[in-house]
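Shown next: work00.txt, given as compact mmCIF, C-alpha atoms.
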```txt
# COMPACT_ATOMS: atom_id res chain seq x y z
CA MET A 1 -11.78 10.18 89.34
CA ALA A 2 -9.83 11.55 86.34
CA GLU A 3 -11.64 11.01 83.06
CA LYS A 4 -9.85 8.46 80.92
CA ARG A 5 -9.20 9.10 77.24
CA ASP A 6 -11.24 7.19 74.71
CA TYR A 7 -9.41 3.93 73.96
CA TYR A 8 -9.86 4.36 70.21
CA ASP A 9 -8.23 7.80 70.43
CA VAL A 10 -5.40 6.34 72.50
CA LEU A 11 -4.52 3.89 69.71
CA GLY A 12 -5.39 6.35 66.93
CA VAL A 13 -7.89 4.06 65.19
CA SER A 14 -11.53 4.42 64.17
CA ARG A 15 -14.35 2.74 66.09
CA GLY A 16 -14.82 0.34 63.18
CA ALA A 17 -11.14 -0.68 63.09
CA SER A 18 -10.38 -4.35 62.42
CA GLU A 19 -8.41 -6.59 64.79
CA ASP A 20 -5.35 -6.32 62.52
CA GLU A 21 -5.54 -2.51 62.48
CA ILE A 22 -5.78 -2.41 66.29
CA LYS A 23 -2.85 -4.81 66.67
CA LYS A 24 -0.73 -2.85 64.19
CA ALA A 25 -1.44 0.45 65.95
CA TYR A 26 -0.61 -1.08 69.35
CA ARG A 27 2.72 -2.49 68.15
CA LYS A 28 3.73 0.81 66.54
CA LEU A 29 2.83 2.99 69.54
CA GLY A 30 4.10 0.45 72.05
CA LYS A 31 7.51 0.41 70.39
CA GLU A 32 7.70 4.21 70.36
CA CYS A 33 6.81 4.54 74.07
CA HIS A 34 8.48 1.42 75.48
CA PRO A 35 10.26 2.23 78.79
CA ASP A 36 13.42 0.42 77.62
CA LEU A 37 13.69 2.89 74.73
CA ASN A 38 12.78 5.88 76.91
CA PRO A 39 14.69 5.39 80.19
CA GLY A 40 13.63 7.84 82.90
CA ASN A 41 10.83 9.32 80.79
CA LYS A 42 7.76 9.24 83.05
CA GLU A 43 5.50 10.60 80.33
CA ALA A 44 6.45 7.81 77.94
CA GLU A 45 6.00 5.25 80.73
CA ALA A 46 2.48 6.55 81.48
CA LYS A 47 1.60 6.55 77.79
CA PHE A 48 2.91 2.99 77.41
CA LYS A 49 0.65 1.89 80.26
CA GLU A 50 -2.32 3.72 78.70
CA ILE A 51 -1.68 2.07 75.32
CA GLY A 52 -1.49 -1.37 76.94
CA GLU A 53 -4.77 -0.76 78.80
CA ALA A 54 -6.52 0.32 75.59
CA TYR A 55 -5.21 -2.69 73.67
CA GLU A 56 -6.26 -5.11 76.42
CA VAL A 57 -9.86 -3.96 76.01
CA LEU A 58 -10.10 -3.44 72.26
CA SER A 59 -8.33 -6.71 71.39
CA ASP A 60 -10.86 -8.71 73.44
CA GLY A 61 -14.15 -9.11 71.57
CA ASP A 62 -16.33 -9.27 74.69
CA LYS A 63 -14.63 -6.36 76.45
CA ARG A 64 -14.73 -4.28 73.29
CA ARG A 65 -18.47 -4.92 72.92
CA ARG A 66 -19.09 -3.79 76.51
CA TYR A 67 -16.85 -0.77 76.04
CA ASP A 68 -18.67 0.25 72.86
CA GLN A 69 -22.01 -0.11 74.66
CA PHE A 70 -21.26 1.32 78.12
CA GLY A 71 -17.98 3.17 77.71
CA GLN A 72 -15.50 3.00 80.59
CA ALA A 73 -18.25 1.72 82.93
CA GLY A 74 -18.52 -1.48 80.89
CA VAL A 75 -14.94 -2.56 81.55
CA ASP A 76 -13.94 -0.87 84.81
CA PRO A 77 -15.93 -2.10 87.90
CA SER A 78 -14.59 0.81 89.98
CA TYR A 79 -15.94 3.42 87.58
CA GLY A 80 -18.75 5.34 89.32
CA GLY A 81 -20.31 7.26 86.47
CA ALA A 82 -23.39 5.20 85.57
CA GLY A 83 -26.26 5.86 87.92
CA GLY A 84 -24.45 5.00 91.14
CA PHE A 85 -23.69 1.34 90.37
CA SER A 86 -20.07 1.76 91.53
CA GLY A 87 -18.20 -1.49 92.07
CA MET A 88 -20.58 -3.62 89.94
CA ASP A 89 -19.70 -5.41 86.72
CA PHE A 90 -21.80 -3.85 83.96
CA GLY A 91 -21.18 -6.82 81.70
CA ASP A 92 -23.13 -8.89 84.23
CA ILE A 93 -25.82 -6.22 84.56
CA GLY A 94 -26.33 -6.29 80.81
CA ASP A 95 -26.78 -10.06 80.97
CA ILE A 96 -29.31 -9.72 83.84
CA PHE A 97 -31.36 -7.12 81.94
CA GLU A 98 -31.35 -9.27 78.85
CA THR A 99 -32.58 -12.26 80.85
CA PHE A 100 -35.41 -10.41 82.57
CA PHE A 101 -36.56 -7.93 79.96
CA GLY A 102 -35.35 -9.29 76.62
CA GLY A 103 -33.25 -6.19 76.04
CA GLY A 104 -29.63 -5.94 75.10
CA GLY A 105 -28.23 -3.34 77.42
CA PHE A 106 -28.55 -0.65 80.08
CA GLY A 107 -31.07 1.87 78.76
CA SER A 108 -30.58 3.06 75.21
CA ARG A 109 -26.98 4.15 75.66
CA GLY A 110 -24.61 2.93 72.95
CA ARG A 111 -27.39 1.55 70.73
CA SER A 112 -26.51 1.91 67.08
CA ASN A 113 -28.83 3.22 64.43
CA PRO A 114 -30.03 0.23 62.35
CA ASN A 115 -29.92 2.42 59.25
CA ALA A 116 -26.42 3.77 59.93
CA PRO A 117 -23.66 2.88 57.46
CA ARG A 118 -22.05 -0.49 58.18
CA ARG A 119 -18.78 -1.80 56.86
CA GLY A 120 -18.94 -4.74 54.46
CA ASP A 121 -17.60 -8.20 55.30
CA ASP A 122 -14.01 -9.19 54.63
CA ILE A 123 -13.51 -12.00 52.12
CA HIS A 124 -10.73 -14.47 51.32
CA SER A 125 -9.37 -15.88 48.09
CA THR A 126 -6.27 -17.67 46.80
CA THR A 127 -4.08 -17.36 43.72
CA THR A 128 -1.10 -19.25 42.28
CA ILE A 129 1.90 -17.59 40.62
CA SER A 130 5.22 -18.78 39.21
CA PHE A 131 8.57 -18.65 40.99
CA PHE A 132 9.75 -15.83 38.70
CA GLU A 133 6.55 -13.81 39.32
CA ALA A 134 7.01 -14.16 43.08
CA CYS A 135 10.56 -12.81 42.83
CA LYS A 136 9.74 -9.92 40.50
CA GLY A 137 6.07 -9.13 41.16
CA VAL A 138 3.06 -9.52 38.87
CA SER A 139 -0.39 -8.12 38.16
CA GLN A 140 -2.69 -11.07 38.76
CA ARG A 141 -6.30 -11.69 37.76
CA VAL A 142 -8.10 -13.08 40.82
CA SER A 143 -11.57 -14.64 41.16
CA VAL A 144 -13.56 -13.48 44.19
CA SER A 145 -17.09 -14.04 45.50
CA ARG A 146 -18.53 -11.06 47.36
CA MET A 147 -21.73 -9.23 48.20
CA GLU A 148 -22.51 -6.19 46.07
CA SER A 149 -25.37 -3.70 45.97
CA CYS A 150 -28.29 -4.98 43.94
CA ALA A 151 -28.30 -3.17 40.60
CA ASP A 152 -32.07 -3.53 40.15
CA CYS A 153 -33.10 -1.78 43.38
CA GLY A 154 -30.00 0.36 43.94
CA GLY A 155 -29.43 -1.36 47.28
CA ASN A 156 -32.63 -0.25 49.04
CA GLY A 157 -34.32 -3.68 48.83
CA SER A 158 -37.55 -2.46 47.20
CA GLU A 159 -38.64 -3.28 43.69
CA LYS A 160 -38.51 -0.57 41.06
CA GLY A 161 -41.09 2.17 41.54
CA SER A 162 -41.27 1.76 45.33
CA SER A 163 -39.10 2.53 48.33
CA PRO A 164 -38.80 1.40 51.97
CA LYS A 165 -41.00 3.13 54.55
CA THR A 166 -40.05 4.22 58.02
CA CYS A 167 -41.40 1.81 60.63
CA PRO A 168 -44.34 3.47 62.41
CA GLU A 169 -43.78 1.40 65.56
CA CYS A 170 -40.22 2.55 66.33
CA ASN A 171 -40.04 5.62 64.05
CA GLY A 172 -36.99 4.19 62.30
CA ALA A 173 -34.98 3.49 65.46
CA GLY A 174 -35.20 -0.30 65.05
CA GLN A 175 -35.81 -0.69 68.77
CA VAL A 176 -38.41 0.17 71.38
CA LYS A 177 -37.82 1.29 74.95
CA THR A 178 -39.78 -0.13 77.88
CA GLY A 179 -39.71 0.48 81.63
CA GLN A 180 -39.96 -1.99 84.48
CA ARG A 181 -40.51 -0.97 88.09
CA THR A 182 -38.22 -2.83 90.50
CA PRO A 183 -37.27 -2.50 94.19
CA ILE A 184 -34.34 -0.33 93.15
CA GLY A 185 -36.42 1.90 90.90
CA VAL A 186 -37.59 1.97 87.29
CA ILE A 187 -35.19 0.21 84.97
CA SER A 188 -35.39 0.92 81.27
CA SER A 189 -34.62 -1.73 78.73
CA VAL A 190 -34.44 -1.72 74.97
CA LYS A 191 -35.76 -4.45 72.72
CA PRO A 192 -35.62 -4.89 68.94
CA CYS A 193 -38.76 -3.67 67.24
CA LEU A 194 -40.88 -6.69 66.30
CA LYS A 195 -42.71 -4.95 63.47
CA CYS A 196 -39.58 -4.14 61.44
CA ARG A 197 -37.36 -6.82 63.05
CA GLY A 198 -34.91 -4.21 64.22
CA LYS A 199 -34.31 -2.68 60.79
CA GLY A 200 -36.13 0.58 61.36
CA ARG A 201 -37.88 0.39 58.02
CA ILE A 202 -40.42 -1.78 56.27
CA ILE A 203 -40.17 -3.03 52.70
CA GLU A 204 -43.67 -3.65 51.40
CA ASN A 205 -42.62 -4.63 47.87
CA PRO A 206 -39.31 -6.56 48.07
CA CYS A 207 -37.02 -6.49 45.07
CA PRO A 208 -37.35 -9.89 43.31
CA THR A 209 -33.64 -9.94 42.45
CA CYS A 210 -32.25 -9.60 45.98
CA ALA A 211 -35.40 -10.63 47.92
CA GLY A 212 -35.33 -7.33 49.76
CA ASN A 213 -31.78 -7.68 51.07
CA GLY A 214 -30.37 -4.88 48.93
CA ARG A 215 -27.28 -6.95 48.11
CA VAL A 216 -26.55 -9.98 45.93
CA SER A 217 -23.68 -12.46 45.77
CA VAL A 218 -21.46 -11.78 42.76
CA ASN A 219 -18.49 -13.67 41.30
CA LYS A 220 -15.96 -11.24 39.87
CA GLN A 221 -12.51 -11.11 38.35
CA ILE A 222 -10.34 -8.32 39.78
CA ASN A 223 -6.76 -7.23 39.14
CA VAL A 224 -4.40 -7.47 42.11
CA SER A 225 -0.80 -6.26 42.14
CA VAL A 226 1.26 -9.00 43.81
CA PRO A 227 4.44 -7.34 45.11
CA ALA A 228 7.91 -8.58 44.24
CA GLY A 229 9.47 -10.72 46.96
CA ILE A 230 6.30 -12.41 48.20
CA ASP A 231 6.84 -15.97 49.38
CA ASP A 232 4.74 -19.12 49.22
CA GLY A 233 1.86 -19.10 51.70
CA GLN A 234 1.95 -15.38 52.48
CA THR A 235 -1.30 -13.41 52.54
CA LEU A 236 -1.91 -9.98 51.00
CA LEU A 237 -4.49 -7.56 52.41
CA VAL A 238 -6.20 -5.78 49.52
CA ARG A 239 -8.12 -2.82 50.90
CA GLY A 240 -11.68 -2.16 49.71
CA GLN A 241 -12.08 -5.33 47.62
CA GLY A 242 -14.33 -7.19 50.05
CA SER A 243 -18.12 -7.14 50.17
CA ASN A 244 -19.93 -3.83 49.73
CA GLY A 245 -21.01 -2.02 52.86
CA ILE A 246 -24.61 -1.65 54.03
CA ASN A 247 -26.42 1.70 53.98
CA GLY A 248 -23.49 3.32 52.23
CA GLY A 249 -20.85 1.87 54.55
CA ASN A 250 -17.28 1.24 53.44
CA PRO A 251 -16.49 -2.05 51.69
CA GLY A 252 -14.60 -4.81 53.47
CA ASP A 253 -11.14 -6.05 52.52
CA LEU A 254 -9.82 -9.02 50.56
CA SER A 255 -7.28 -11.39 52.14
CA LEU A 256 -5.41 -13.05 49.28
CA THR A 257 -3.22 -16.07 50.06
CA VAL A 258 -0.49 -16.60 47.44
CA SER A 259 0.84 -20.01 46.42
CA VAL A 260 4.13 -20.15 44.51
CA ARG A 261 4.73 -22.99 42.05
CA PRO A 262 8.10 -24.77 42.61
CA ASP A 263 10.77 -24.14 39.96
CA PRO A 264 12.81 -27.04 38.50
CA ILE A 265 16.08 -25.05 38.75
CA PHE A 266 15.73 -22.45 41.49
CA SER A 267 14.63 -22.42 45.13
CA ARG A 268 14.55 -19.69 47.77
CA ASP A 269 15.98 -19.08 51.21
CA GLY A 270 14.40 -15.80 52.29
CA TYR A 271 15.33 -13.34 49.56
CA ASN A 272 18.34 -15.39 48.40
CA ILE A 273 17.94 -17.69 45.40
CA LEU A 274 19.63 -21.10 45.43
CA CYS A 275 20.61 -23.32 42.51
CA GLU A 276 23.04 -26.11 41.63
CA VAL A 277 25.26 -26.13 38.54
CA PRO A 278 26.86 -29.44 37.45
CA ILE A 279 30.39 -29.27 36.00
CA THR A 280 32.76 -31.89 34.60
CA TYR A 281 35.79 -33.33 36.33
CA PHE A 282 37.97 -31.55 33.74
CA GLN A 283 36.33 -28.17 34.43
CA ALA A 284 36.78 -28.61 38.17
CA ALA A 285 40.46 -29.54 37.79
CA MET A 286 41.46 -27.04 35.09
CA GLY A 287 39.02 -24.18 35.70
CA ASP A 288 36.68 -22.81 33.07
CA ASN A 289 34.18 -20.09 32.14
CA ILE A 290 30.73 -21.49 32.77
CA VAL A 291 27.19 -20.23 32.11
CA VAL A 292 25.00 -19.77 35.19
CA PRO A 293 21.21 -19.22 34.93
CA THR A 294 19.60 -16.42 36.97
CA ILE A 295 16.08 -14.95 37.09
CA ASP A 296 17.47 -12.08 34.99
CA GLY A 297 18.98 -14.36 32.33
CA LYS A 298 22.31 -16.14 31.84
CA VAL A 299 25.59 -14.82 33.27
CA GLN A 300 29.24 -15.89 32.86
CA TYR A 301 31.26 -17.08 35.83
CA THR A 302 34.93 -18.04 35.96
CA LEU A 303 35.79 -21.23 37.86
CA HIS A 304 39.28 -21.42 39.33
CA GLU A 305 41.56 -24.42 38.94
CA GLY A 306 40.95 -27.10 41.55
CA THR A 307 37.34 -26.16 42.29
CA GLN A 308 36.03 -28.71 44.78
CA PRO A 309 32.59 -30.38 44.77
CA GLY A 310 30.13 -28.48 46.96
CA THR A 311 31.87 -25.12 46.47
CA VAL A 312 29.34 -22.28 46.82
CA PHE A 313 29.83 -18.95 45.07
CA ARG A 314 27.69 -15.83 45.40
CA LEU A 315 26.22 -13.61 42.69
CA LYS A 316 25.48 -10.31 44.40
CA GLY A 317 22.09 -8.73 43.73
CA LYS A 318 20.81 -11.63 41.63
CA GLY A 319 18.30 -12.85 44.20
CA SER A 320 14.65 -11.99 44.80
CA SER A 321 13.46 -8.43 45.37
CA HIS A 322 12.67 -7.52 48.98
CA LEU A 323 9.03 -6.81 49.76
CA ASN A 324 8.24 -3.11 49.30
CA SER A 325 11.89 -2.31 48.60
CA LYS A 326 14.28 -1.93 45.67
CA GLN A 327 16.84 -4.05 47.51
CA ARG A 328 17.54 -7.57 46.25
CA GLY A 329 19.01 -10.70 47.73
CA ASP A 330 21.86 -12.74 46.23
CA GLN A 331 22.06 -15.94 44.25
CA LEU A 332 24.02 -18.77 45.86
CA VAL A 333 25.33 -21.29 43.33
CA THR A 334 26.52 -24.73 44.49
CA VAL A 335 28.96 -26.54 42.23
CA THR A 336 28.45 -30.29 41.78
CA VAL A 337 31.13 -32.32 40.00
CA GLU A 338 29.64 -35.02 37.80
CA VAL A 339 31.63 -38.27 37.73
CA PRO A 340 31.61 -39.70 34.20
CA LYS A 341 29.77 -43.00 33.55
CA ASN A 342 29.81 -45.61 30.77
CA LEU A 343 33.51 -45.16 30.00
CA THR A 344 34.99 -46.88 26.97
CA LYS A 345 38.19 -48.95 27.25
CA PRO A 346 40.41 -46.22 25.76
CA GLN A 347 38.89 -43.73 28.23
CA LYS A 348 39.56 -46.04 31.13
CA ASP A 349 43.14 -46.63 29.98
CA SER A 350 43.69 -42.88 29.72
CA LEU A 351 42.36 -42.37 33.24
CA LYS A 352 44.62 -45.12 34.61
CA GLU A 353 47.63 -43.52 32.98
CA PHE A 354 46.57 -40.14 34.32
CA GLU A 355 46.13 -41.51 37.85
CA LYS A 356 49.66 -43.00 37.81
CA GLN A 357 51.03 -39.50 37.40
CA MET A 358 49.19 -38.12 40.45
CA THR A 359 51.09 -37.49 43.71
CA SER A 360 50.16 -36.46 47.23
CA GLU A 361 50.57 -32.85 46.12
CA ASN A 362 47.62 -33.33 43.81
CA TYR A 363 45.40 -34.88 46.50
CA GLN A 364 46.16 -32.81 49.59
CA LYS A 365 42.81 -33.39 51.27
CA ARG A 366 43.10 -37.15 50.80
CA GLU A 367 46.70 -37.14 52.03
CA GLY A 368 45.73 -35.11 55.11
CA PHE A 369 42.97 -37.56 55.95
CA PHE A 370 45.21 -40.63 55.84
CA SER A 371 47.94 -38.81 57.74
CA LYS A 372 45.50 -38.20 60.60
CA LEU A 373 44.37 -41.81 60.37
CA ARG A 374 47.94 -43.06 60.69
CA ASP A 375 48.54 -40.83 63.72
CA ARG A 376 45.39 -42.17 65.38
CA PHE A 377 46.34 -45.87 65.01
CA LYS A 378 50.19 -45.72 65.09
CA ASP A 379 50.25 -47.27 68.58
```
What is this file in structure tokens?
Amino acid sequence: MAEKRDYYDVLGVSRGASEDEIKKAYRKLGKECHPDLNPGNKEAEAKFKEIGEAYEVLSDGDKRRRYDQFGQAGVDPSYGGAGGFSGMDFGDIGDIFETFFGGGGFGSRGRSNPNAPRRGDDIHSTTTISFFEACKGVSQRVSVSRMESCADCGGNGSEKGSSPKTCPECNGAGQVKTGQRTPIGVISSVKPCLKCRGKGRIIENPCPTCAGNGRVSVNKQINVSVPAGIDDGQTLLVRGQGSNGINGGNPGDLSLTVSVRPDPIFSRDGYNILCEVPITYFQAAMGDNIVVPTIDGKVQYTLHEGTQPGTVFRLKGKGSSHLNSKQRGDQLVTVTVEVPKNLTKPQKDSLKEFEKQMTSENYQKREGFFSKLRDRFKD
């Protein structure tokens, strides 16, 4: 059987890659090698199949765990490279061994070093910004709660003047290997070391600050650059701002969900900004130069004679910035004609006199409506 490439190498990610990193890599490679974009290319077709196979395993938590522990034998029942157990499901074998012998796998293969560097946990926080800040971007002070290395013990868990000792029972491995004779031969199993509880080391004098954990929970204020164009409810991934890693491992990430306060004048449709500007009946009829607010300040706009209620005009490039781009949307301004209230008698008389002078030429929309109405009911 041809040896299959390592699934992590296929997707180009590290063994500690997050679900989002695996998904992103799969989408990128899958698009590049998709058969529809590479018609007749057998190599691209084979690579697309290989990428899909790798993603199917690494995107499934249980399959990924078996793959990390047993390699290809843990996910492919037809794989015959693990002591002659061809055709058997090694996920089930692992469960059987754990039931009978208290171990967690087939021999010691794939067992991680308990003192190896481990990535810190990811954390989540929220922040609220204004409408203008969402459109233009802002540096925001954000409160987070995360685990950090204990300053008093330097992260080793022992009080000052002492240090952890290697477990004499497992010699720092964190696990002990045992053998059990069965009808099919001697089967080895691995169990966590009881003396050190699987840690590989013993802390005789725990640090009083962190109780021997080596890390403490800390509330911090950090600066986060919120990019221009972010919308309400979107989440930013801030690399390296999660909890500190263990044994020198990399820190986790911060997922920051952004809430945008509504604005009394503006709203958004994607990267376009919407607003309404009220004008008078006189301005609509005669035309006028009006002032229009934008997120960049006030601008002048010329209304034409006979502007109708609900007319929408566009201000190019006056919308929100696009995410990670210098491009901007537009501002769409809807004109609303305000009908005057609380008229005095002279005002009413003037309007009556004005209305007497109007003809069908002045009210073409109204005349067209009644013309259609007459045609509909003329019979």
Determine, counting only C-alpha atoms, which protein, DNA and RNA residues have an atom within 7 Å of an atom of Pro227 (chain A); residues of the same chain fewer than 2 positions away are not included. Present the result as a ChimeraX atom specification. /A:137-138,225,229-230,323
Excluding Thr294 (chain A) and residues on its chain fewer than 5 positions from it, collect all residues at most 9 Å away from it, counting all atoms listed in the file, and give them as a list in words.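 Those residues are Phe266, Ile273, Cys275, Val299, Lys318, Gly319 and Gln331 of chain A.
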Compile the contact shell of Phe132 (chain A) as a short mmCIF file (atom, residue, chain, number, x, y, z; two decimals) with C-alpha atoms, keeping the file's coordinate frame: residues with an atom at most 9 Å away, counting only C-alpha atoms, same-chain residues fewer than 5 positions apart removed.
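Here's the written file selection_24.cif:
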```cif
data_model
loop_
_atom_site.label_atom_id
_atom_site.label_comp_id
_atom_site.auth_asym_id
_atom_site.auth_seq_id
_atom_site.Cartn_x
_atom_site.Cartn_y
_atom_site.Cartn_z
CA GLY A 137 6.07 -9.13 41.16
CA ASP A 263 10.77 -24.14 39.96
CA ILE A 295 16.08 -14.95 37.09
CA SER A 320 14.65 -11.99 44.80
#
```
Which one is closest to Pro264 (chain A): A:Tyr363, A:Phe313, A:Phe377, A:Phe131? Count all atoms listed in the file.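 So, comparing all the options, the nearest one is A:Phe131.
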Residues proximal to (-44.6, -4.8, 62.9) were defined as those with any atom within 9 Å of that point in the file's coordinates, counting all atoms listed in the file. Which are they, as a ChimeraX atom specification? /A:167-169,193-197,202
Test item: residues at most 9 Å from Asn223 (chain A), all atoms listed in the file, excluding those fewer than 4 positions along its chain, as a list in words: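 Everything that qualifies: Ser139, Gln140, Arg141 and Val142 of chain A.
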Rounded to one decimal place, report the CA of Val277 (chain A)-CA of Val291 (chain A) distance in Å. 8.9 Å
Using only C-alpha atoms, which residue out of A:Asn38, A:Leu351, A:Gln72, A:Gln283 lies closest to His304 (chain A)?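 Smallest separation from His304 (chain A) among the options: A:Gln283.
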Of the listed residues A:Asp349, A:Glu148, A:Asp232, A:Glu159, that which approaches Arg215 (chain A) most closely, counting all atoms listed in the file: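 Closest to Arg215 (chain A) of all the choices is A:Glu148.
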When you count all atoms listed in the file, which of these residues is closest to Lys63 (chain A): A:Glu276, A:Glu338, A:Glu32, A:Asp76?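 Nearest to Lys63 (chain A): A:Asp76.
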Near-Lys23 (chain A) list (12 Å; only C-alpha atoms; drop same-chain fewer than 4 positions) as JSON, numbers by chain: {"A": [11, 12, 13, 17, 18, 19, 27, 28, 29, 30, 51, 52, 54, 55, 56, 57, 58, 59, 60]}
Can I get the selection written as a PDB file, keeping the file's coordinate frame, with C-alpha atoms?
```
ATOM      1  CA  LEU A  11      -4.520   3.890  69.710  1.00  0.00           C
ATOM      2  CA  GLY A  12      -5.390   6.350  66.930  1.00  0.00           C
ATOM      3  CA  VAL A  13      -7.890   4.060  65.190  1.00  0.00           C
ATOM      4  CA  ALA A  17     -11.140  -0.680  63.090  1.00  0.00           C
ATOM      5  CA  SER A  18     -10.380  -4.350  62.420  1.00  0.00           C
ATOM      6  CA  GLU A  19      -8.410  -6.590  64.790  1.00  0.00           C
ATOM      7  CA  ARG A  27       2.720  -2.490  68.150  1.00  0.00           C
ATOM      8  CA  LYS A  28       3.730   0.810  66.540  1.00  0.00           C
ATOM      9  CA  LEU A  29       2.830   2.990  69.540  1.00  0.00           C
ATOM     10  CA  GLY A  30       4.100   0.450  72.050  1.00  0.00           C
ATOM     11  CA  ILE A  51      -1.680   2.070  75.320  1.00  0.00           C
ATOM     12  CA  GLY A  52      -1.490  -1.370  76.940  1.00  0.00           C
ATOM     13  CA  ALA A  54      -6.520   0.320  75.590  1.00  0.00           C
ATOM     14  CA  TYR A  55      -5.210  -2.690  73.670  1.00  0.00           C
ATOM     15  CA  GLU A  56      -6.260  -5.110  76.420  1.00  0.00           C
ATOM     16  CA  VAL A  57      -9.860  -3.960  76.010  1.00  0.00           C
ATOM     17  CA  LEU A  58     -10.100  -3.440  72.260  1.00  0.00           C
ATOM     18  CA  SER A  59      -8.330  -6.710  71.390  1.00  0.00           C
ATOM     19  CA  ASP A  60     -10.860  -8.710  73.440  1.00  0.00           C
TER      20      ASP A  60
END
```
Around the point (25.0, -8.5, 42.1) in the file's coordinates, collect all residues with an atom within 10 Å, using all atoms listed in the file, and return them as a PyMOL selection string. chain A and resi 314-319+328-331
Which value, in Å to one decimal, gives the distance between CA of Ser130 (chain A) and CA of Ser255 (chain A)?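 Calculated distance between CA of Ser130 (chain A) and CA of Ser255 (chain A) is 19.4 Å.
Atom to atom, CA of Pro262 (chain A) and CA of Tyr281 (chain A) stand 29.7 Å apart.
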For Asn205 (chain A), the nearest of the candidates A:Ser371, A:Gln234, A:Pro164, A:Gly179, counting all atoms listed in the file: A:Pro164
Pick from A:Gln180, A:Thr359, A:Gln175, A:Ser243, whichever lies nearest to Pro192 (chain A) using only C-alpha atoms: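 So, comparing all the options, the nearest one is A:Gln175.
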Some atoms are missing, so please complete region 176-180 of chain A with all heavy atoms and return it as a PDB file, in the coordinates of the input.
```pdb
ATOM      1  N   VAL A 176     -37.422  -0.504  70.543  1.00  0.00           N
ATOM      2  CA  VAL A 176     -38.410   0.170  71.380  1.00  0.00           C
ATOM      3  C   VAL A 176     -37.950   0.110  72.826  1.00  0.00           C
ATOM      4  O   VAL A 176     -37.330  -0.863  73.262  1.00  0.00           O
ATOM      5  CB  VAL A 176     -39.803  -0.478  71.226  1.00  0.00           C
ATOM      6  CG1 VAL A 176     -40.363  -0.218  69.844  1.00  0.00           C
ATOM      7  CG2 VAL A 176     -39.731  -1.984  71.500  1.00  0.00           C
ATOM      8  N   LYS A 177     -38.255   1.176  73.563  1.00  0.00           N
ATOM      9  CA  LYS A 177     -37.820   1.290  74.950  1.00  0.00           C
ATOM     10  C   LYS A 177     -38.991   1.000  75.881  1.00  0.00           C
ATOM     11  O   LYS A 177     -40.098   1.486  75.680  1.00  0.00           O
ATOM     12  CB  LYS A 177     -37.281   2.690  75.192  1.00  0.00           C
ATOM     13  CG  LYS A 177     -36.694   2.918  76.574  1.00  0.00           C
ATOM     14  CD  LYS A 177     -36.126   4.321  76.657  1.00  0.00           C
ATOM     15  CE  LYS A 177     -35.518   4.585  78.028  1.00  0.00           C
ATOM     16  NZ  LYS A 177     -34.954   5.956  78.115  1.00  0.00           N
ATOM     17  N   THR A 178     -38.749   0.194  76.885  1.00  0.00           N
ATOM     18  CA  THR A 178     -39.780  -0.130  77.880  1.00  0.00           C
ATOM     19  C   THR A 178     -39.225   0.116  79.267  1.00  0.00           C
ATOM     20  O   THR A 178     -38.002   0.166  79.472  1.00  0.00           O
ATOM     21  CB  THR A 178     -40.229  -1.590  77.755  1.00  0.00           C
ATOM     22  OG1 THR A 178     -39.107  -2.448  77.999  1.00  0.00           O
ATOM     23  CG2 THR A 178     -40.797  -1.891  76.372  1.00  0.00           C
ATOM     24  N   GLY A 179     -40.140   0.279  80.251  1.00  0.00           N
ATOM     25  CA  GLY A 179     -39.710   0.480  81.630  1.00  0.00           C
ATOM     26  C   GLY A 179     -40.296  -0.579  82.543  1.00  0.00           C
ATOM     27  O   GLY A 179     -41.412  -1.051  82.340  1.00  0.00           O
ATOM     28  N   GLN A 180     -39.530  -0.975  83.524  1.00  0.00           N
ATOM     29  CA  GLN A 180     -39.960  -1.990  84.480  1.00  0.00           C
ATOM     30  C   GLN A 180     -39.663  -1.491  85.898  1.00  0.00           C
ATOM     31  O   GLN A 180     -38.529  -1.138  86.215  1.00  0.00           O
ATOM     32  CB  GLN A 180     -39.217  -3.314  84.222  1.00  0.00           C
ATOM     33  CG  GLN A 180     -39.557  -4.421  85.205  1.00  0.00           C
ATOM     34  CD  GLN A 180     -40.941  -4.992  84.940  1.00  0.00           C
ATOM     35  OE1 GLN A 180     -41.396  -5.024  83.801  1.00  0.00           O
ATOM     36  NE2 GLN A 180     -41.597  -5.440  85.985  1.00  0.00           N
TER      37      GLN A 180
END
```
